[in-house]
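A short write-up of the structure that comes next.
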Amino acid sequence: MFDKILIANRGEIALRILRACKELGIATVAVHSTADEDAMHVKLADESVCIGPPKAADSYLNVPQILAACEITNADAVHPGYGFLSESARFAEILEEHKIAFIGPTSEHIRLMGDKIQAKETAAALGLPVVPGSDGAVTSGEEASRMAEQIGYPVLIKAAAGGGGRGMKVAESAADLETALATARAESKAAFGDDTLYMEKYLKQPRHIEVQVIGDGQGNAVHLGERDCSLQRRHQKVWEEAPSPALNDDERATIGATVARAMQKLNYRGVGTVEFLYEGGEFFFIEMNTRLQVEHPVTEMITGIDIVIEQIHIATGAPLSFAQEDVRFSGHAIECRINAEHHATFVPSPGLITQFHVPGGLGVRVDSGAYAGYRIPPYYDSLIGKLIVHARNRNECLMRLKRALDECVIDGIETTIPLFSALISEPDIVNGSYDIHWLEKYLEKHQGP
Ligand code: ADP
């Protein structure tokens, strides 16, 4: 086992990792920017190192500084969390060169899945169903229009280096294609320094269903069931639940087993998420995330498995400690992402939290680094916490979520809590009948200008 883990992240996920380390008896090192001196993960870690000024590029993405922090503190492993360096194959390699363990997959697998064109080709070769689309990159406008005719409009132009919904544009018809290509190319270049694009059939009413996997790189890989993350705003998840209200037990078992088999073939090491769109009873692979995800707690709640602890075990070189048949699913879980944003305009709302009271009771979990008196810095993602509830079935889960939201008091800043309090009584949400466009349509209707 590791003696000391450096957590190369901030906010709720840094705290989440710290909790796993403490339960394993592993010493922790927090790193932070000058804007995060008062952050909870810094207060609770055994040691902390300031790695630079507020801007992420100068601190949380600053590899030489993070390496120096490892050297100074003698950390023998780094947990990257999500975002920041978590999907940097180069960072994983550099750590390896310095004999520091990277708590994640091999750099080869990170690189493979980081390029979405290669990821799709790999997925297809591993027997996963993929969205119909271009074979590889789209280079010229002519080629694009030929492909779009073949695939059939509407088509979606996507960035090979994509992430966070950026560099993605829909072309409804041939008339839109040129503009869609140009905007996607510019956005992708600006966001990722890479303007390689590809094309996919644009699915009209799909759900976003993803499968959590864990493998040990020694031939063992299992799935931990699916999550439904269809409630999205600007291609970003807002509410996640497990199991998906859209699947029956047969579909659930089949997609889980298909993904687990694919990960065994790949000999995948670490935790990962294989993402699909689901429409008309069919699954279509869109991408794989080779890291811990924001929404991992809903899976933990229905399986009782601590995903971060398992991730750490595997990174030491240990084999997976359980088999597929040991994974038992129980009840239903829902996660709401609490952002420091206005619930209708989504304008970020950093600043001082004056009151902070989070709900408790049976089946209620709050993952957050916020507290009363904490000032949210304006430099980072607006996610300040996650409310996760678990109950025996979906109906009980919704009732529990409603009462947990009622108990929540966060003053001084705006949050997305009122949005969730409104969603919980929407008939479509209660019935579980929503697709990836549902929330945008709801927001247009209820909160439009
Ligand atoms: P990113 O890496 O930027 O998050 P993804 O490929 O995971 O991009 O897609 C993000 C979201 O965009 C999906 O959850 C879905 O809502 C939408 N999306 C992606 N591909 C398609 C498609 N072919 N048709 C319709 N919507 C899509």
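Residues in the structure tokens are named by chain (A, B, ... in the order shown) and by number from 1 within that chain; ligands are numbered from 1 in the order shown.
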
Residues within 7 Å of ligand 1, counting only C-alpha atoms and all ligand atoms: report them as number ranges by chain.
A: 131, 156, 162-166, 200-204, 206, 208, 230, 232, 235-236, 275, 277, 286-287, 436

What are the closest atom pairs, with distances in Å to one decimal, for all residues of segment 368-387 of chain A lying within 10 Å of segment 54-64 of chain A? Consider only C-alpha atoms, order rows by chain and residue number, and present the result as CSV.
```
residue,atom,partner,partner_atom,distance
A:Pro377,CA,A:Pro54,CA,8.7
A:Pro378,CA,A:Pro54,CA,9.3
A:Tyr379,CA,A:Lys55,CA,6.7
A:Tyr380,CA,A:Ala56,CA,7.7
```

From the DSSP assignment of the backbone, select every residue of segment 222-369 of chain A that is strand (DSSP E), and format the answer as a PyMOL selection string.
chain A and resi 222-233+236-242+269-279+282-289+332-339+351-352+355-357+364-368

Long-range neighbours of segment 98-102 of chain A as a list in words, 6 Å cut-off, only C-alpha atoms, 2 positions minimum in chain
Asp76, Ala77, Val78, Ala92, Leu95, Glu96 and Gly104 of chain A

Write out, as an mmCIF file, in the first residue's frame, the residues just selected, with C-alpha atoms.
```cif
data_model
loop_
_atom_site.group_PDB
_atom_site.id
_atom_site.type_symbol
_atom_site.label_atom_id
_atom_site.label_comp_id
_atom_site.auth_asym_id
_atom_site.auth_seq_id
_atom_site.Cartn_x
_atom_site.Cartn_y
_atom_site.Cartn_z
ATOM 1 C CA ASP A 76 4.591 7.956 -3.449
ATOM 2 C CA ALA A 77 1.377 8.335 -5.453
ATOM 3 C CA VAL A 78 -0.789 11.045 -7.015
ATOM 4 C CA ALA A 92 0.873 9.930 -16.054
ATOM 5 C CA LEU A 95 5.028 10.522 -12.791
ATOM 6 C CA GLU A 96 6.048 7.053 -13.902
ATOM 7 C CA GLY A 104 -5.446 5.907 -12.891
#
```

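A straight line drawn from atom CA of Pro53 of chain A to atom CA of Arg19 of chain A is 26.0 Å long.
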
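Across A:Lys158, A:His342, A:Arg375, A:His313, the tightest approach to Val170 of chain A is made by A:Lys158 when counting only C-alpha atoms.
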
Need to verify the contact set: Asp228 of chain A, 12 Å, only C-alpha atoms, exclusion of same-chain residues closer than 4 positions in sequence. Can you return it as a count of residues only?
37
